[in-house]
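A.B. asks: Structure provided below as structure tokens; questions to follow.
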Amino acid sequence: MFALVDGNNFFVSCERVFNPALEGRPVVVLSNNDGCVVARSAEVKALGIKMGVPFFQIRDLVKRHGIVAFSSNYALYGDMSARMMQVVGGFAPRQEIYSIDETFLDLAGMSGDYTELGQRIRRRVKQWVGIPTGVGIAPSKTLAKIANHLAKTNPAFAGVCELTALPQQEQDRLLNALPVREVWGVGRRLAPRLEKIGIVSVQHLRDAAPQRIRKLFGVTLERTVRELNGHHCLHLDELPAPRRQIVCSRSFATRLTRLEDLVPAIAHHASRAAEKLRQQGCVAGSLQVFIQTAPHSGHTLQHAPACVVPLPHPSDDTRLLIDAALRGLRQIFQPGFRYYKAGVMLLDIAPPTALTGDLFSAPSAPANSALMQVLDRANHRFGPHTLRFAASTSRTERWLMRQEHKSPAYTTCWQDIPSVA
DNA sequence: TCTGGGGTCCTAGGACCC
DNA sequence: TCTGGGGTCCTAGGACCC
């Protein structure tokens with residue numbers, strides 16, 4: 001048996017914990033650069049505002065309904081997430097942290113009333129962390145996702161749905177009312193193709209012949225069908241596998257046309273990517289640099305060059321990665337375009353122990369050299385960017401993103417900790 | 001004026017091996 | 001006229017997730 005615990009409107013709920021006056025008011029949280037709506041309170045959903053709509057398109061609604069908007073505050077959300085995961089993890093021996101606001105528990109070997117367990121989890125997370133949650137319980141992860149969705153959308157469940165404890169007729173009724181698009185693994189491409197052959201509801205997909213689904217849609221969706229029938233094919237992953245690629249990229253607050261404005265952006269992304277790389281104790285063999293013009297301004301000329309730069313030796317050293325990234329940037333940059341986004345992707349990632357030495361060249365510097373350790377420790381202790389590389393700084397900072405509605409880092413920065421009146 | 005930033009897995013096809 | 005039967009590795013593209 002699996003339980004999926006999921007924070008309701010997670011980013012909005014994080015903001016509300018430190019600003020209770022927002023309770024009952026319509027609230028949205030925006031993506032980086034204040035671009036799109038990525039989290040909505042129930043009041044906002046009720047207004048018909050969809051996930052992912054560009055913020056500027058709802059300016060009128062914002063004004064008319066007094067919607068409160070926040071820029072993304074990942075320092076806050078990441079920390080609140082860690083707290084929530086820790087509390088939930090206390091309820092079962094095995095836990096998978098699936099995303100910033102979702103976690104699976106393996107209930108195998110646990111006895112007792114699962115629905116009651118779900119309610120205990122909800123109460124404790126609400127009391128200890130302040131975040132409201134929903135809990136779905138079922139014999140497979142795919143079904144637990146469905147149960148979680150039902151728990152959150154159907155008030156009768158009071159936040160916890162143990163799907164297979166319901167009478168069969170009731171399960172059928174619920175799954176029949178749910179569009180196939182709600183299934184984990186069925187996205188916007190697959191859903192219309194399924195509908196075309198008469199598979200419209202979750203129930204239809206559950207009852208489809210697995211062999212037929214495999215022939216028409218591949219092995220992944222066949223697995224989904226089996227999961228919907230209660231056979232678990234996806235296991236719980238307790239420790240996340242090391243990343244095989246690491247991407248750092250951002251769009252800019254304004255369009256950039258000059259190489260000298262792109263340099264600090266690329267250096268900054270390379271340096272952040274290097275930090276993530278060292279965090280997982282790996283080295284990269286090559287990296288890709290990319291810059292892009294705005295994909296939305298239909299009439300202007302599109303341009304999205306990229307290039308892969310191999311490193312002389314696999315490395316995790318920020319200096320070498322910045323150097324390689326800037327060489328790549330100079331290769332692909334062309335004047336005359338208005339760039340809106342830039343990024344760095346680390347490739348050929350492996351643990352240093354897996355490396356084959358080069359017979360003919362000097363051994364590379366030891367991975368995670370003393371200098372990089374000092375850098376990481378100082379930034380961990382005194383805050384990000386306390387120590388940084390000159391290449392990632394600039395006089396203009398025109399490449400920084402827009403963040404016009406950001407809340408304080410209530411839990412991770414001394415100056416921002418709320419004081420008690 | 002204004003449109004995010006990360007990831008994963010699977011498959012098909014080409015190049016190459018014996 | 002007739003042209004085998006295995007493999008591996010890599011890449012690009014397509015699908016999905018949050």
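Residue numbering restarts at 1 for every chain of the structure tokens, chains are lettered A, B, ... in their displayed order, and ligands are numbered from 1 as they appear.
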Could you give me, as a count of residues only, each residue of range 172-353 of chain A that DSSP assigns to helix (DSSP H, G or I) when run on this structure's backbone?
C.D. replies: 77
A.B. asks: Would you list which chain B residues are within 9 Å of chain A using only C-alpha atoms (C1' of nucleotides), as a ChimeraX atom specification?
C.D. replies: /B:2-7,9-11
A.B. asks: Could you please take those selected residues and save N, CA, C and O atoms (P, O5', C5', C4', C3', O3' and C1' of nucleotides) as a JSON list (two decimals), in the first residue's frame?
C.D. replies:
[["chain", "number", "residue", "atom", "x", "y", "z"],
["B", 2, "DC", "P", 7.62, 42.69, -24.48],
["B", 2, "DC", "O5'", 6.96, 42.14, -23.14],
["B", 2, "DC", "C5'", 7.68, 42.18, -21.92],
["B", 2, "DC", "C4'", 6.84, 41.56, -20.83],
["B", 2, "DC", "C3'", 6.27, 40.20, -21.19],
["B", 2, "DC", "O3'", 7.05, 39.18, -20.60],
["B", 2, "DC", "C1'", 4.56, 41.64, -20.32],
["B", 3, "DT", "P", 7.61, 37.99, -21.55],
["B", 3, "DT", "O5'", 7.40, 36.76, -20.59],
["B", 3, "DT", "C5'", 6.22, 36.57, -19.85],
["B", 3, "DT", "C4'", 5.76, 35.12, -20.00],
["B", 3, "DT", "C3'", 6.79, 34.18, -20.62],
["B", 3, "DT", "O3'", 6.78, 32.97, -19.88],
["B", 3, "DT", "C1'", 4.77, 34.08, -21.82],
["B", 4, "DG", "P", 7.95, 31.92, -19.98],
["B", 4, "DG", "O5'", 8.60, 31.64, -18.58],
["B", 4, "DG", "C5'", 8.44, 32.41, -17.41],
["B", 4, "DG", "C4'", 9.36, 31.76, -16.42],
["B", 4, "DG", "C3'", 10.60, 31.13, -17.07],
["B", 4, "DG", "O3'", 11.72, 31.37, -16.24],
["B", 4, "DG", "C1'", 9.28, 29.44, -16.06],
["B", 5, "DG", "P", 13.15, 30.89, -16.80],
["B", 5, "DG", "O5'", 13.35, 29.53, -16.03],
["B", 5, "DG", "C5'", 13.31, 29.55, -14.62],
["B", 5, "DG", "C4'", 13.55, 28.16, -14.14],
["B", 5, "DG", "C3'", 14.71, 27.46, -14.87],
["B", 5, "DG", "O3'", 15.42, 26.73, -13.89],
["B", 5, "DG", "C1'", 12.79, 26.18, -15.04],
["B", 6, "DG", "P", 16.90, 26.27, -14.15],
["B", 6, "DG", "O5'", 16.68, 25.04, -15.16],
["B", 6, "DG", "C5'", 17.07, 23.77, -14.80],
["B", 6, "DG", "C4'", 16.05, 23.10, -13.91],
["B", 6, "DG", "C3'", 16.22, 21.59, -13.96],
["B", 6, "DG", "O3'", 17.21, 21.24, -13.03],
["B", 6, "DG", "C1'", 13.91, 22.21, -14.07],
["B", 7, "DG", "P", 18.26, 20.10, -13.40],
["B", 7, "DG", "O5'", 17.37, 18.82, -13.26],
["B", 7, "DG", "C5'", 17.38, 17.84, -14.26],
["B", 7, "DG", "C4'", 16.13, 17.04, -14.06],
["B", 7, "DG", "C3'", 16.09, 15.77, -14.88],
["B", 7, "DG", "O3'", 16.79, 14.76, -14.17],
["B", 7, "DG", "C1'", 13.99, 16.90, -14.95],
["B", 9, "DC", "P", 15.34, 7.80, -15.93],
["B", 9, "DC", "O5'", 14.20, 7.31, -16.93],
["B", 9, "DC", "C5'", 12.87, 7.06, -16.49],
["B", 9, "DC", "C4'", 12.04, 6.80, -17.72],
["B", 9, "DC", "C3'", 12.64, 5.72, -18.61],
["B", 9, "DC", "O3'", 11.66, 4.73, -18.85],
["B", 9, "DC", "C1'", 12.17, 7.68, -19.88],
["B", 10, "DC", "P", 12.05, 3.38, -19.62],
["B", 10, "DC", "O5'", 11.55, 3.68, -21.10],
["B", 10, "DC", "C5'", 10.17, 3.96, -21.32],
["B", 10, "DC", "C4'", 9.99, 4.22, -22.80],
["B", 10, "DC", "C3'", 10.62, 3.15, -23.69],
["B", 10, "DC", "O3'", 9.60, 2.65, -24.53],
["B", 10, "DC", "C1'", 11.33, 5.33, -24.36],
["B", 11, "DT", "P", 9.94, 1.45, -25.56],
["B", 11, "DT", "O5'", 10.21, 2.25, -26.92],
["B", 11, "DT", "C5'", 9.31, 3.26, -27.31],
["B", 11, "DT", "C4'", 9.75, 3.79, -28.65],
["B", 11, "DT", "C3'", 10.35, 2.71, -29.56],
["B", 11, "DT", "O3'", 9.74, 2.83, -30.82],
["B", 11, "DT", "C1'", 11.87, 4.52, -29.31]]
A.B. asks: Hey, can you check how far CA of His269 in chain A sits from CA of Gly343 in chain A?
C.D. replies: 6.2 Å
A.B. asks: Between CA of Ala75 in chain A and CA of Val12 in chain A, what is the distance, to one decimal in Å?
C.D. replies: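 Separation of CA of Ala75 in chain A and CA of Val12 in chain A: 14.1 Å.
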A.B. asks: Find the distance between CA of Ala342 in chain A and CA of Thr293 in chain A and write it in Å to one decimal.
C.D. replies: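 The value is 9.1 Å.
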A.B. asks: Run DSSP on the backbone and grab whatever in range 49-113 of chain A lands in strand (DSSP E or B); send it over as a ChimeraX atom specification.
C.D. replies: /A:54,68-70,94-99,102-106
A.B. asks: As a list in words, please: the residues near Asp79 in chain A (cut-off 12 Å, only C-alpha atoms (C1' of nucleotides), same-chain neighbours under 5 positions excluded).
C.D. replies: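 The neighbour list is Phe11, Cys14, Asn73, Tyr74, Met84, Met85, Gln86, Ile100, Asp101, Val129, Ala409, Tyr410, Thr411, Thr412 and Cys413 of chain A.
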A.B. asks: Can you write just those residues out, N, CA and C atoms, as a tab-separated table (two decimals), in the first residue's frame?
C.D. replies:
chain	number	residue	atom	x	y	z
A	11	PHE	N	2.74	26.56	-2.84
A	11	PHE	CA	3.45	27.85	-2.71
A	11	PHE	C	2.55	28.89	-2.04
A	14	CYS	N	2.47	28.26	1.63
A	14	CYS	CA	3.69	28.73	2.29
A	14	CYS	C	3.59	30.22	2.59
A	73	ASN	N	9.52	32.44	-4.34
A	73	ASN	CA	10.45	32.60	-3.22
A	73	ASN	C	10.94	31.20	-2.84
A	74	TYR	N	11.92	30.69	-3.63
A	74	TYR	CA	12.32	29.30	-3.46
A	74	TYR	C	13.06	29.05	-2.16
A	84	MET	N	8.04	19.87	5.91
A	84	MET	CA	6.88	19.01	5.68
A	84	MET	C	7.32	17.56	5.44
A	85	MET	N	8.36	17.38	4.61
A	85	MET	CA	8.82	16.03	4.28
A	85	MET	C	9.30	15.30	5.53
A	86	GLN	N	9.96	16.03	6.41
A	86	GLN	CA	10.48	15.40	7.61
A	86	GLN	C	9.33	14.93	8.52
A	100	ILE	N	8.68	18.96	-4.84
A	100	ILE	CA	8.78	19.91	-3.73
A	100	ILE	C	7.57	19.83	-2.81
A	101	ASP	N	6.43	19.37	-3.31
A	101	ASP	CA	5.23	19.34	-2.46
A	101	ASP	C	4.56	17.97	-2.37
A	129	VAL	N	3.80	22.38	10.78
A	129	VAL	CA	4.40	23.14	9.68
A	129	VAL	C	3.48	24.26	9.20
A	409	ALA	N	12.47	35.96	3.02
A	409	ALA	CA	12.90	34.58	3.27
A	409	ALA	C	12.72	34.31	4.76
A	410	TYR	N	11.47	34.15	5.16
A	410	TYR	CA	11.11	34.11	6.58
A	410	TYR	C	11.90	33.12	7.41
A	411	THR	N	12.28	31.98	6.80
A	411	THR	CA	12.85	30.90	7.61
A	411	THR	C	14.33	30.66	7.35
A	412	THR	N	14.94	31.37	6.39
A	412	THR	CA	16.32	31.03	6.04
A	412	THR	C	17.27	32.22	6.08
A	413	CYS	N	16.78	33.37	6.53
A	413	CYS	CA	17.64	34.56	6.53
A	413	CYS	C	17.39	35.31	7.83
